[in-house]
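Shown below: entry32.txt, with compact mmCIF, C-alpha atoms.
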# COMPACT_ATOMS: atom_id res chain seq x y z
CA ALA A 1 71.88 11.70 -19.62
CA SER A 2 73.49 12.64 -22.92
CA PRO A 3 76.46 15.06 -22.63
CA ILE A 4 75.23 16.79 -25.80
CA ARG A 5 72.84 19.66 -25.27
CA ILE A 6 70.67 20.49 -28.27
CA ILE A 7 69.02 23.89 -28.43
CA ARG A 8 66.49 24.45 -31.18
CA PRO A 9 65.11 26.21 -32.99
CA LEU A 10 67.03 29.49 -33.03
CA THR A 11 64.29 31.15 -35.02
CA GLU A 12 65.02 34.59 -33.62
CA TYR A 13 68.41 34.76 -35.32
CA PRO A 14 69.13 35.03 -39.06
CA ARG A 15 71.09 32.15 -40.55
CA ARG A 16 73.93 34.48 -41.56
CA GLN A 17 74.31 35.71 -37.97
CA LEU A 18 74.52 32.15 -36.65
CA ILE A 19 77.16 31.18 -39.21
CA ASP A 20 79.22 34.30 -38.45
CA TYR A 21 79.07 33.47 -34.75
CA LEU A 22 80.26 29.89 -35.31
CA GLU A 23 83.04 30.93 -37.68
CA SER A 24 84.28 33.61 -35.25
CA ARG A 25 84.87 30.79 -32.77
CA SER A 26 86.23 28.33 -35.33
CA GLN A 27 83.33 26.07 -34.48
CA GLN A 28 82.50 23.43 -37.08
CA TYR A 29 78.88 22.93 -38.03
CA CYS A 30 76.83 20.70 -40.31
CA THR A 31 74.37 21.75 -42.99
CA ASP A 32 71.48 19.49 -43.89
CA HIS A 33 71.58 19.44 -47.69
CA THR A 34 67.81 18.86 -47.85
CA ASN A 35 67.31 22.37 -46.46
CA LEU A 36 68.55 23.70 -49.81
CA ASP A 37 66.25 21.53 -51.93
CA THR A 38 63.46 23.77 -53.23
CA THR A 39 61.32 20.83 -54.25
CA TYR A 40 60.15 20.98 -50.63
CA THR A 41 57.50 23.63 -49.96
CA ARG A 42 59.16 24.83 -46.75
CA ASN A 43 62.39 25.53 -48.65
CA ARG A 44 60.65 27.35 -51.51
CA ILE A 45 59.05 29.61 -48.91
CA ARG A 46 62.38 30.15 -47.15
CA HIS A 47 64.63 30.64 -50.19
CA GLU A 48 62.27 32.11 -52.80
CA LEU A 49 59.07 33.56 -51.36
CA ILE A 50 60.39 35.34 -48.26
CA PRO A 51 63.31 37.06 -50.06
CA ARG A 52 60.83 38.47 -52.57
CA LEU A 53 58.53 39.66 -49.82
CA GLN A 54 61.46 41.29 -48.05
CA GLN A 55 61.88 43.63 -50.99
CA THR A 56 58.67 45.41 -49.96
CA TRP A 57 58.45 44.17 -46.36
CA PRO A 58 62.00 44.30 -44.94
CA ASP A 59 61.00 43.25 -41.42
CA ILE A 60 58.94 40.24 -42.44
CA ARG A 61 61.24 37.69 -40.77
CA SER A 62 61.32 39.41 -37.39
CA GLU A 63 57.59 40.17 -37.49
CA MET A 64 56.73 36.59 -38.43
CA THR A 65 58.90 35.38 -35.55
CA GLU A 66 57.08 37.70 -33.17
CA PHE A 67 53.73 36.56 -34.54
CA ALA A 68 54.74 32.92 -34.03
CA ARG A 69 55.73 33.74 -30.45
CA GLU A 70 52.33 35.33 -29.81
CA LEU A 71 50.54 32.33 -31.32
CA GLY A 72 52.62 30.06 -29.10
CA ALA A 73 51.60 32.04 -26.03
CA LEU A 74 47.94 31.86 -27.08
CA ASP A 75 48.28 28.11 -27.62
CA GLU A 76 49.72 27.69 -24.12
CA LEU A 77 46.89 29.78 -22.66
CA LEU A 78 44.19 27.69 -24.36
CA GLU A 79 45.90 24.48 -23.26
CA SER A 80 45.94 25.78 -19.69
CA VAL A 81 42.25 26.73 -19.83
CA ALA A 82 41.41 23.31 -21.30
CA ARG A 83 43.29 21.53 -18.50
CA ARG A 84 41.40 23.54 -15.88
CA TRP A 85 38.10 22.85 -17.65
CA THR A 86 38.63 19.08 -17.77
CA GLY A 87 39.78 19.12 -14.16
CA ALA A 88 36.53 20.79 -13.15
CA HIS A 89 34.07 19.05 -15.50
CA ALA A 90 35.45 15.67 -16.60
CA VAL A 91 34.88 12.58 -14.48
CA GLN A 92 37.57 9.88 -14.44
CA LYS A 93 36.77 6.23 -13.89
CA HIS A 94 39.98 4.21 -14.16
CA ARG A 95 41.16 4.92 -17.75
CA THR A 96 37.79 6.27 -18.83
CA PHE A 97 36.94 9.97 -18.95
CA GLU A 98 33.43 11.36 -19.27
CA ALA A 99 32.20 14.90 -19.89
CA ALA A 100 28.62 16.16 -19.94
CA LEU A 101 27.32 16.91 -23.43
CA ASP A 102 25.64 20.12 -22.29
CA ASP A 103 28.94 21.38 -20.88
CA LEU A 104 30.89 20.46 -24.03
CA ASN A 105 28.39 21.95 -26.46
CA ALA A 106 28.29 25.20 -24.48
CA LEU A 107 31.96 25.83 -25.28
CA ASP A 108 33.02 28.15 -28.09
CA GLU A 109 34.60 26.18 -30.90
CA PRO A 110 38.29 27.05 -30.45
CA LEU A 111 38.18 26.08 -26.77
CA LEU A 112 36.09 22.98 -27.55
CA SER A 113 38.89 21.68 -29.78
CA TYR A 114 41.45 22.15 -27.01
CA VAL A 115 39.19 20.47 -24.44
CA ILE A 116 38.71 17.47 -26.75
CA ARG A 117 42.48 17.22 -27.23
CA GLN A 118 42.97 17.33 -23.47
CA LEU A 119 40.41 14.56 -22.93
CA ILE A 120 42.20 12.47 -25.55
CA ALA A 121 45.58 13.14 -23.93
CA ASP A 122 44.17 12.23 -20.51
CA THR A 123 42.91 8.95 -21.95
CA LEU A 124 45.87 7.95 -24.14
CA GLY A 125 48.68 9.77 -22.37
CA ASP A 126 49.55 11.93 -25.40
CA LEU A 127 48.24 12.98 -28.82
CA ARG A 128 50.35 10.80 -31.11
CA ARG A 129 48.50 9.84 -34.34
CA ILE A 130 45.61 12.13 -33.44
CA ASP A 131 44.99 15.00 -35.84
CA GLU A 132 42.44 17.73 -36.54
CA VAL A 133 40.16 15.39 -38.49
CA HIS A 134 39.71 13.18 -35.43
CA VAL A 135 39.04 16.20 -33.19
CA ALA A 136 36.40 17.47 -35.65
CA MET A 137 34.75 14.03 -35.77
CA ILE A 138 34.47 13.99 -31.98
CA ALA A 139 33.04 17.52 -31.92
CA ASP A 140 30.43 16.48 -34.50
CA LEU A 141 29.56 13.42 -32.43
CA ALA A 142 29.03 15.61 -29.36
CA ALA A 143 26.93 18.16 -31.25
CA ALA A 144 24.72 16.01 -33.43
CA GLY A 145 25.46 12.32 -32.91
CA SER A 146 22.86 9.77 -31.88
CA THR A 147 22.82 8.21 -28.43
CA GLY A 148 24.90 5.03 -28.60
CA ALA A 149 26.97 6.17 -31.59
CA SER A 150 30.73 5.77 -31.30
CA LEU A 151 34.02 6.48 -33.03
CA ASP A 152 36.90 3.98 -33.31
CA LEU A 153 40.03 6.11 -33.55
CA PRO A 154 43.79 5.44 -33.71
CA ARG A 155 45.59 3.70 -30.83
CA GLY A 156 42.42 2.00 -29.62
CA LEU A 157 40.68 5.23 -28.61
CA ILE A 158 36.92 4.81 -28.54
CA VAL A 159 34.63 7.79 -28.05
CA ARG A 160 31.01 6.96 -27.25
CA ARG A 161 28.03 9.26 -27.06
CA GLY A 162 25.76 8.49 -24.15
CA TYR A 163 22.42 10.03 -23.32
CA LYS A 164 23.97 12.91 -21.40
CA SER A 165 27.72 12.48 -21.70
CA LEU A 166 30.63 11.77 -24.02
CA CYS A 167 32.91 8.93 -22.93
CA PHE A 168 36.60 8.52 -23.87
CA GLU A 169 38.14 5.09 -23.31
CA ILE A 170 40.68 2.60 -24.63
CA GLY A 171 39.14 -0.56 -25.99
CA GLN A 172 39.02 -3.07 -28.80
CA ARG A 173 37.66 -2.08 -32.17
CA LYS A 174 34.28 -3.71 -32.64
CA VAL A 175 33.74 -5.66 -35.83
CA LEU A 176 30.01 -5.69 -36.53
CA THR A 177 28.03 -7.39 -39.24
CA PRO A 178 26.73 -4.76 -41.67
CA GLY A 179 22.99 -4.36 -41.36
CA SER A 180 22.80 -5.89 -37.88
CA ASP A 181 20.90 -4.17 -35.08
CA ALA A 182 24.17 -3.65 -33.21
CA ALA A 183 25.78 -2.03 -36.21
CA ALA A 184 22.80 0.26 -36.67
CA LYS A 185 23.01 1.29 -33.04
CA VAL A 186 26.74 1.96 -32.95
CA HIS A 187 26.99 3.46 -36.42
CA PRO A 188 23.54 4.90 -37.11
CA GLU A 189 22.81 6.15 -40.58
CA THR A 190 23.15 9.89 -40.91
CA PRO A 191 20.56 11.84 -42.87
CA GLN A 192 21.53 12.30 -46.49
CA PRO A 193 22.19 15.94 -47.39
CA LEU A 194 19.73 17.59 -49.73
CA ALA A 195 20.81 17.63 -53.36
CA ALA A 196 21.68 20.94 -54.97
CA LYS A 197 18.83 22.57 -56.85
CA GLU A 198 18.96 25.21 -59.55
CA LEU A 199 17.66 28.58 -58.42
CA ALA A 200 14.90 29.94 -60.64
CA VAL A 201 15.73 33.51 -61.70
CA PRO A 202 13.21 35.03 -61.66
CA GLY A 203 10.91 32.68 -59.81
CA GLU A 204 10.40 30.56 -56.71
CA THR A 205 12.56 27.65 -55.61
CA ARG A 206 11.92 25.19 -52.79
CA TRP A 207 14.82 23.46 -51.05
CA GLY A 208 13.95 21.36 -48.04
CA THR A 209 11.97 23.54 -45.64
CA TRP A 210 13.22 26.71 -47.34
CA THR A 211 11.57 28.78 -50.06
CA PHE A 212 13.57 31.25 -52.14
CA GLU A 213 12.07 33.92 -54.35
CA ALA A 214 14.36 35.63 -56.84
CA THR A 215 13.52 38.91 -58.56
CA VAL A 216 15.57 41.11 -60.90
CA LEU A 217 15.28 44.85 -60.24
CA GLU A 218 16.40 47.60 -62.60
CA GLY A 219 15.57 51.20 -63.40
CA LYS A 220 12.64 52.56 -61.44
CA ASP A 221 12.10 49.18 -59.77
CA ILE A 222 15.18 49.83 -57.63
CA TRP A 223 13.79 53.07 -56.20
CA GLU A 224 10.36 51.54 -55.64
CA GLU A 225 12.03 48.69 -53.76
CA LEU A 226 13.81 51.16 -51.50
CA VAL A 227 10.61 53.09 -50.77
CA ASP A 228 8.86 49.81 -49.98
CA LEU A 229 11.68 48.74 -47.65
CA SER A 230 11.57 52.11 -45.90
CA GLY A 231 7.90 51.63 -45.10
CA ASN A 232 6.80 54.21 -47.67
CA LEU A 233 8.71 56.86 -45.76
CA ARG A 234 10.11 59.83 -47.61
CA ILE A 235 13.76 59.33 -48.50
CA PRO A 236 15.75 62.21 -46.95
CA GLU A 237 16.75 65.02 -49.33
CA PHE A 238 14.87 63.49 -52.28
CA ASP A 239 11.30 64.23 -53.31
CA GLU A 240 11.81 62.26 -56.50
CA PRO A 241 14.20 59.50 -57.53
CA PRO A 242 17.63 60.83 -58.58
CA THR A 243 18.07 60.80 -62.34
CA ASP A 244 21.77 59.95 -62.03
CA PRO A 245 22.01 56.13 -61.70
CA HIS A 246 25.19 56.40 -59.59
CA GLU A 247 23.46 58.71 -57.13
CA ARG A 248 20.42 56.43 -57.07
CA MET A 249 22.58 53.44 -56.12
CA ARG A 250 24.51 55.41 -53.50
CA VAL A 251 21.23 56.31 -51.80
CA PHE A 252 19.97 52.73 -52.11
CA ILE A 253 23.13 51.28 -50.53
CA ARG A 254 23.16 53.87 -47.73
CA GLN A 255 19.51 53.30 -46.85
CA LEU A 256 19.89 49.53 -47.12
CA ARG A 257 22.65 49.52 -44.52
CA GLY A 258 20.35 51.27 -42.09
CA ILE A 259 17.46 48.89 -42.71
CA ASP A 260 19.43 45.61 -43.02
CA PRO A 261 16.50 43.27 -43.79
CA GLU A 262 17.26 39.84 -42.31
CA ALA A 263 15.54 37.55 -44.81
CA VAL A 264 16.45 39.41 -48.03
CA GLU A 265 19.76 39.72 -49.85
CA TYR A 266 20.58 42.06 -52.74
CA LEU A 267 23.26 41.11 -55.28
CA ASP A 268 24.78 42.89 -58.25
CA PHE A 269 23.18 40.79 -60.98
CA ASP A 270 25.70 41.80 -63.65
CA ARG A 271 28.63 40.61 -61.49
CA ILE A 272 27.22 37.09 -61.64
CA ALA A 273 27.90 37.24 -65.39
CA GLY A 274 25.01 35.02 -66.45
CA GLU A 275 26.13 32.04 -64.36
CA THR A 276 23.62 29.41 -63.29
CA LEU A 277 22.75 29.77 -59.61
CA SER A 278 21.99 26.86 -57.31
CA VAL A 279 20.96 26.36 -53.70
CA ARG A 280 22.71 23.67 -51.66
CA GLY A 281 24.21 22.89 -48.28
CA ARG A 282 27.87 23.27 -47.40
CA VAL A 283 30.54 20.94 -48.77
CA PRO A 284 34.19 20.48 -47.77
CA GLY A 285 36.39 23.27 -49.10
CA ASP A 286 33.68 25.94 -49.24
CA ARG A 287 35.04 29.46 -48.87
CA PHE A 288 33.23 32.77 -48.51
CA THR A 289 34.12 36.46 -48.77
CA PRO A 290 32.10 38.34 -46.13
CA LEU A 291 30.87 41.81 -47.02
CA GLY A 292 33.72 44.28 -46.67
CA ALA A 293 36.34 41.59 -45.96
CA PRO A 294 39.75 41.84 -47.68
CA GLY A 295 39.66 38.24 -48.86
CA GLN A 296 38.12 34.81 -48.58
CA THR A 297 37.70 32.82 -45.40
CA LYS A 298 36.75 29.21 -44.79
CA LEU A 299 33.00 28.87 -44.48
CA LYS A 300 33.57 26.98 -41.23
CA GLU A 301 35.41 29.99 -39.77
CA PHE A 302 32.61 32.30 -40.94
CA PHE A 303 30.09 30.11 -39.10
CA ILE A 304 32.26 30.21 -35.98
CA ARG A 305 32.45 34.00 -36.02
CA ARG A 306 28.69 34.25 -36.53
CA LYS A 307 28.19 31.75 -33.68
CA VAL A 308 26.21 29.24 -35.76
CA PRO A 309 26.02 26.01 -33.70
CA ARG A 310 27.91 23.14 -35.29
CA SER A 311 24.76 21.00 -35.30
CA GLU A 312 22.92 23.56 -37.46
CA ARG A 313 25.54 24.34 -40.10
CA ASP A 314 24.65 21.56 -42.55
CA ALA A 315 21.10 22.93 -42.70
CA VAL A 316 22.11 26.48 -43.66
CA PRO A 317 21.31 27.02 -47.37
CA LEU A 318 23.94 28.49 -49.66
CA ILE A 319 23.34 30.24 -52.97
CA VAL A 320 26.24 29.35 -55.23
CA ALA A 321 27.49 29.97 -58.75
CA GLY A 322 29.71 27.04 -59.57
CA ASP A 323 32.12 26.80 -56.63
CA ARG A 324 31.55 30.41 -55.53
CA VAL A 325 29.41 30.90 -52.43
CA LEU A 326 27.41 34.07 -53.09
CA VAL A 327 24.88 34.02 -50.25
CA VAL A 328 24.75 32.34 -46.85
CA ALA A 329 21.04 32.41 -46.09
CA ARG A 330 20.15 35.06 -43.49
CA LEU A 331 23.83 35.57 -42.68
CA GLY A 332 25.18 37.60 -45.56
CA VAL A 333 26.10 38.16 -49.18
CA SER A 334 29.58 37.76 -50.64
CA ASP A 335 31.60 40.90 -51.19
CA ASP A 336 32.27 39.55 -54.71
CA VAL A 337 28.68 40.38 -55.73
CA ALA A 338 27.94 43.27 -53.38
CA LEU A 339 26.11 46.34 -54.64
CA THR A 340 28.19 49.32 -55.77
CA GLU A 341 27.33 52.68 -57.27
CA ASP A 342 27.98 51.08 -60.67
CA THR A 343 25.27 48.45 -60.14
CA ARG A 344 22.53 48.66 -62.74
CA ARG A 345 20.60 45.44 -62.13
CA ILE A 346 19.91 43.98 -58.69
CA LEU A 347 19.09 40.37 -57.94
CA LYS A 348 16.81 40.30 -54.91
CA ILE A 349 16.65 36.94 -53.11
CA SER A 350 14.10 36.46 -50.33
CA ALA A 351 14.43 33.42 -48.07
CA THR A 352 11.77 31.97 -45.79
CA ALA A 353 11.93 28.80 -43.74
CA GLN A 354 9.14 26.69 -42.31
CA ASP A 355 9.50 24.98 -38.96
CA ARG A 356 9.80 21.23 -39.21

Will you turn the file into structure tokens for me?
Amino acid sequence: ASPIRIIRPLTEYPRRQLIDYLESRSQQYCTDHTNLDTTYTRNRIRHELIPRLQQTWPDIRSEMTEFARELGALDELLESVARRWTGAHAVQKHRTFEAALDDLNALDEPLLSYVIRQLIADTLGDLRRIDEVHVAMIADLAAAGSTGASLDLPRGLIVRRGYKSLCFEIGQRKVLTPGSDAAAKVHPETPQPLAAKELAVPGETRWGTWTFEATVLEGKDIWEELVDLSGNLRIPEFDEPPTDPHERMRVFIRQLRGIDPEAVEYLDFDRIAGETLSVRGRVPGDRFTPLGAPGQTKLKEFFIRRKVPRSERDAVPLIVAGDRVLVVARLGVSDDVALTEDTRRILKISATAQDR
């Protein structure tokens, strides 16, 4: 064994404190000059961004360290749960590991990723050259792949989808003639996503099995819409529509929250600023600002929180303006175009879907 003991990283201690400690003991130390080069993102964060943040958030370093420690503990917990899961559900045959598709697809997404990593580690011995893209590909194969489909991944890892199970093994990459029956079986064609289609405003738009009807409401139409939504019930404390437009919108928003119609979304039409609206499926990089959220989130993470199965996400229609996702059909409207008391024109979008 080496006589040199290396302890790293000492993230809990400020750099100045470490240097003072070494100098107090006349201990020589080395400084990696690349750590001072701000052309690297990590160094710009360390030397430029964090000092600026410390001006208004003095404890940022210690709190980030504590947060990292908590994330590390959570990571260890999920790894432990994944090991127990594979021990109870995965079947080993020599260097091959199999897990039932029903068991895998019943897992919540964060745990599913850890279970897939554990199955890979059990097969290969470790996770070298395996990254999040490969894990996501395997999860997609489990959720929506065709029987007989397979993935050829780094280090000879082959993941095959059987009728009832997912198999992890080490093998030779198959070279198949394009167009052959074998190639079609192993790499079946995936359905092409529906092309984006401009949303008629006002009007009706069909996209796949979905039909969208867009209507612009303003003035007295807004109050009539609310009465209609309320089932022609009398709106509390009002015999007639409020004359003040701000008050009218406050009542509309309050009543709408109580009704929460599933297949209808209401947007502030003026906040769309005359942009062309389209309906399409999700694409890589999509982000969404849920109603009331402080900022954007990845659409994938929104789907996870709303428990939308992975196999169904590509079929969820989105109403977009350019790159902005304004509506996730039947799941919500973006906070960027939410109604406020200053709203004067409302875009009402109704969505209906026919069973295939």

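Nearest residue to Leu101 of chain A, choosing from A:Thr243, A:Thr209, A:Gln28, A:Thr147 and counting only C-alpha atoms: A:Thr147.
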
Sorted per-residue table, segment 247-318 of chain A near segment 336-340 of chain A, closest atoms and distance, 8 Å, only C-alpha atoms, as JSON lines:
{"residue": "A:Met249", "atom": "CA", "partner": "A:Thr340", "partner_atom": "CA", "distance": 7.0}
{"residue": "A:Arg250", "atom": "CA", "partner": "A:Thr340", "partner_atom": "CA", "distance": 7.5}
{"residue": "A:Ile253", "atom": "CA", "partner": "A:Leu339", "partner_atom": "CA", "distance": 7.1}
{"residue": "A:Tyr266", "atom": "CA", "partner": "A:Leu339", "partner_atom": "CA", "distance": 7.2}
{"residue": "A:Leu267", "atom": "CA", "partner": "A:Val337", "partner_atom": "CA", "distance": 5.5}
{"residue": "A:Asp268", "atom": "CA", "partner": "A:Leu339", "partner_atom": "CA", "distance": 5.2}
{"residue": "A:Phe269", "atom": "CA", "partner": "A:Val337", "partner_atom": "CA", "distance": 7.6}
{"residue": "A:Arg271", "atom": "CA", "partner": "A:Val337", "partner_atom": "CA", "distance": 5.8}
{"residue": "A:Ile272", "atom": "CA", "partner": "A:Val337", "partner_atom": "CA", "distance": 6.9}
{"residue": "A:Thr289", "atom": "CA", "partner": "A:Asp336", "partner_atom": "CA", "distance": 6.9}
{"residue": "A:Leu291", "atom": "CA", "partner": "A:Ala338", "partner_atom": "CA", "distance": 7.2}

For atom CA of Leu112 of chain A and atom CA of Val328 of chain A, quote the distance in Å rounded to one decimal.
24.3 Å

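Of the residues listed (A:Arg44, A:Arg257, A:Arg280, A:Arg287), A:Arg280 shows the shortest atom-to-atom separation from Trp207 of chain A; distances use only C-alpha atoms.
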
Two-atom distance - atom CA of Trp223 of chain A, atom CA of Leu331 of chain A (Å):
24.3 Å

Distance query segment 89-92 of chain A at most 10 Å, only C-alpha atoms, self and fewer than 4 positions along chain excluded, as a ChimeraX atom specification
/A:83-85,96-100,103-104,115,119,122-123,165-168

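Going from atom CA of Asp270 of chain A over to atom CA of Leu217 of chain A, you cover 11.4 Å.
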
Have segment 314-344 of chain A completed to N, CA and C atoms, please, and pass it along as a short mmCIF file (atom, residue, chain, number, x, y, z; two decimals), keeping the file's coordinate frame.
data_model
loop_
_atom_site.label_atom_id
_atom_site.label_comp_id
_atom_site.auth_asym_id
_atom_site.auth_seq_id
_atom_site.Cartn_x
_atom_site.Cartn_y
_atom_site.Cartn_z
N ASP A 314 24.98 22.30 -41.33
CA ASP A 314 24.65 21.56 -42.55
C ASP A 314 23.30 21.97 -43.11
N ALA A 315 22.44 22.56 -42.26
CA ALA A 315 21.10 22.93 -42.70
C ALA A 315 21.01 24.36 -43.22
N VAL A 316 22.13 25.10 -43.18
CA VAL A 316 22.11 26.48 -43.66
C VAL A 316 22.23 26.48 -45.18
N PRO A 317 21.24 27.01 -45.90
CA PRO A 317 21.31 27.02 -47.37
C PRO A 317 22.35 28.01 -47.88
N LEU A 318 22.99 27.62 -48.98
CA LEU A 318 23.94 28.49 -49.66
C LEU A 318 23.46 28.72 -51.08
N ILE A 319 23.57 29.95 -51.56
CA ILE A 319 23.34 30.24 -52.97
C ILE A 319 24.71 30.30 -53.63
N VAL A 320 24.92 29.47 -54.63
CA VAL A 320 26.24 29.35 -55.23
C VAL A 320 26.17 29.52 -56.74
N ALA A 321 27.30 29.94 -57.30
CA ALA A 321 27.49 29.97 -58.75
C ALA A 321 28.75 29.16 -59.01
N GLY A 322 28.57 27.93 -59.46
CA GLY A 322 29.71 27.04 -59.57
C GLY A 322 30.24 26.73 -58.18
N ASP A 323 31.53 27.01 -57.95
CA ASP A 323 32.12 26.80 -56.63
C ASP A 323 32.06 28.04 -55.75
N ARG A 324 31.58 29.15 -56.29
CA ARG A 324 31.55 30.41 -55.53
C ARG A 324 30.32 30.48 -54.64
N VAL A 325 30.52 30.70 -53.35
CA VAL A 325 29.41 30.90 -52.43
C VAL A 325 29.05 32.38 -52.46
N LEU A 326 27.84 32.68 -52.94
CA LEU A 326 27.41 34.07 -53.09
C LEU A 326 26.58 34.55 -51.90
N VAL A 327 25.77 33.65 -51.35
CA VAL A 327 24.88 34.02 -50.25
C VAL A 327 24.87 32.90 -49.22
N VAL A 328 25.01 33.26 -47.96
CA VAL A 328 24.75 32.34 -46.85
C VAL A 328 23.43 32.80 -46.26
N ALA A 329 22.40 31.98 -46.41
CA ALA A 329 21.04 32.41 -46.09
C ALA A 329 20.94 33.05 -44.71
N ARG A 330 20.40 34.26 -44.69
CA ARG A 330 20.15 35.06 -43.49
C ARG A 330 21.42 35.47 -42.74
N LEU A 331 22.58 35.21 -43.34
CA LEU A 331 23.83 35.57 -42.68
C LEU A 331 24.68 36.53 -43.50
N GLY A 332 24.42 36.63 -44.81
CA GLY A 332 25.18 37.60 -45.56
C GLY A 332 25.39 37.26 -47.02
N VAL A 333 25.81 38.28 -47.76
CA VAL A 333 26.10 38.16 -49.18
C VAL A 333 27.60 38.33 -49.38
N SER A 334 28.14 37.67 -50.36
CA SER A 334 29.58 37.76 -50.64
C SER A 334 29.94 39.15 -51.14
N ASP A 335 31.11 39.61 -50.71
CA ASP A 335 31.60 40.90 -51.19
C ASP A 335 31.85 40.88 -52.69
N ASP A 336 32.02 39.68 -53.27
CA ASP A 336 32.27 39.55 -54.71
C ASP A 336 31.08 40.03 -55.55
N VAL A 337 29.87 39.99 -54.97
CA VAL A 337 28.68 40.38 -55.73
C VAL A 337 27.90 41.48 -55.00
N ALA A 338 28.60 42.21 -54.14
CA ALA A 338 27.94 43.27 -53.38
C ALA A 338 27.56 44.43 -54.29
N LEU A 339 26.55 45.18 -53.88
CA LEU A 339 26.11 46.34 -54.64
C LEU A 339 27.16 47.44 -54.59
N THR A 340 27.32 48.14 -55.70
CA THR A 340 28.19 49.32 -55.77
C THR A 340 27.43 50.41 -56.50
N GLU A 341 28.01 51.59 -56.56
CA GLU A 341 27.33 52.68 -57.27
C GLU A 341 27.25 52.42 -58.76
N ASP A 342 28.03 51.44 -59.25
CA ASP A 342 27.98 51.08 -60.67
C ASP A 342 26.93 50.01 -60.97
N THR A 343 26.29 49.49 -59.94
CA THR A 343 25.27 48.45 -60.14
C THR A 343 24.10 49.01 -60.95
N ARG A 344 23.67 48.25 -61.93
CA ARG A 344 22.53 48.66 -62.74
C ARG A 344 21.36 47.68 -62.61
#
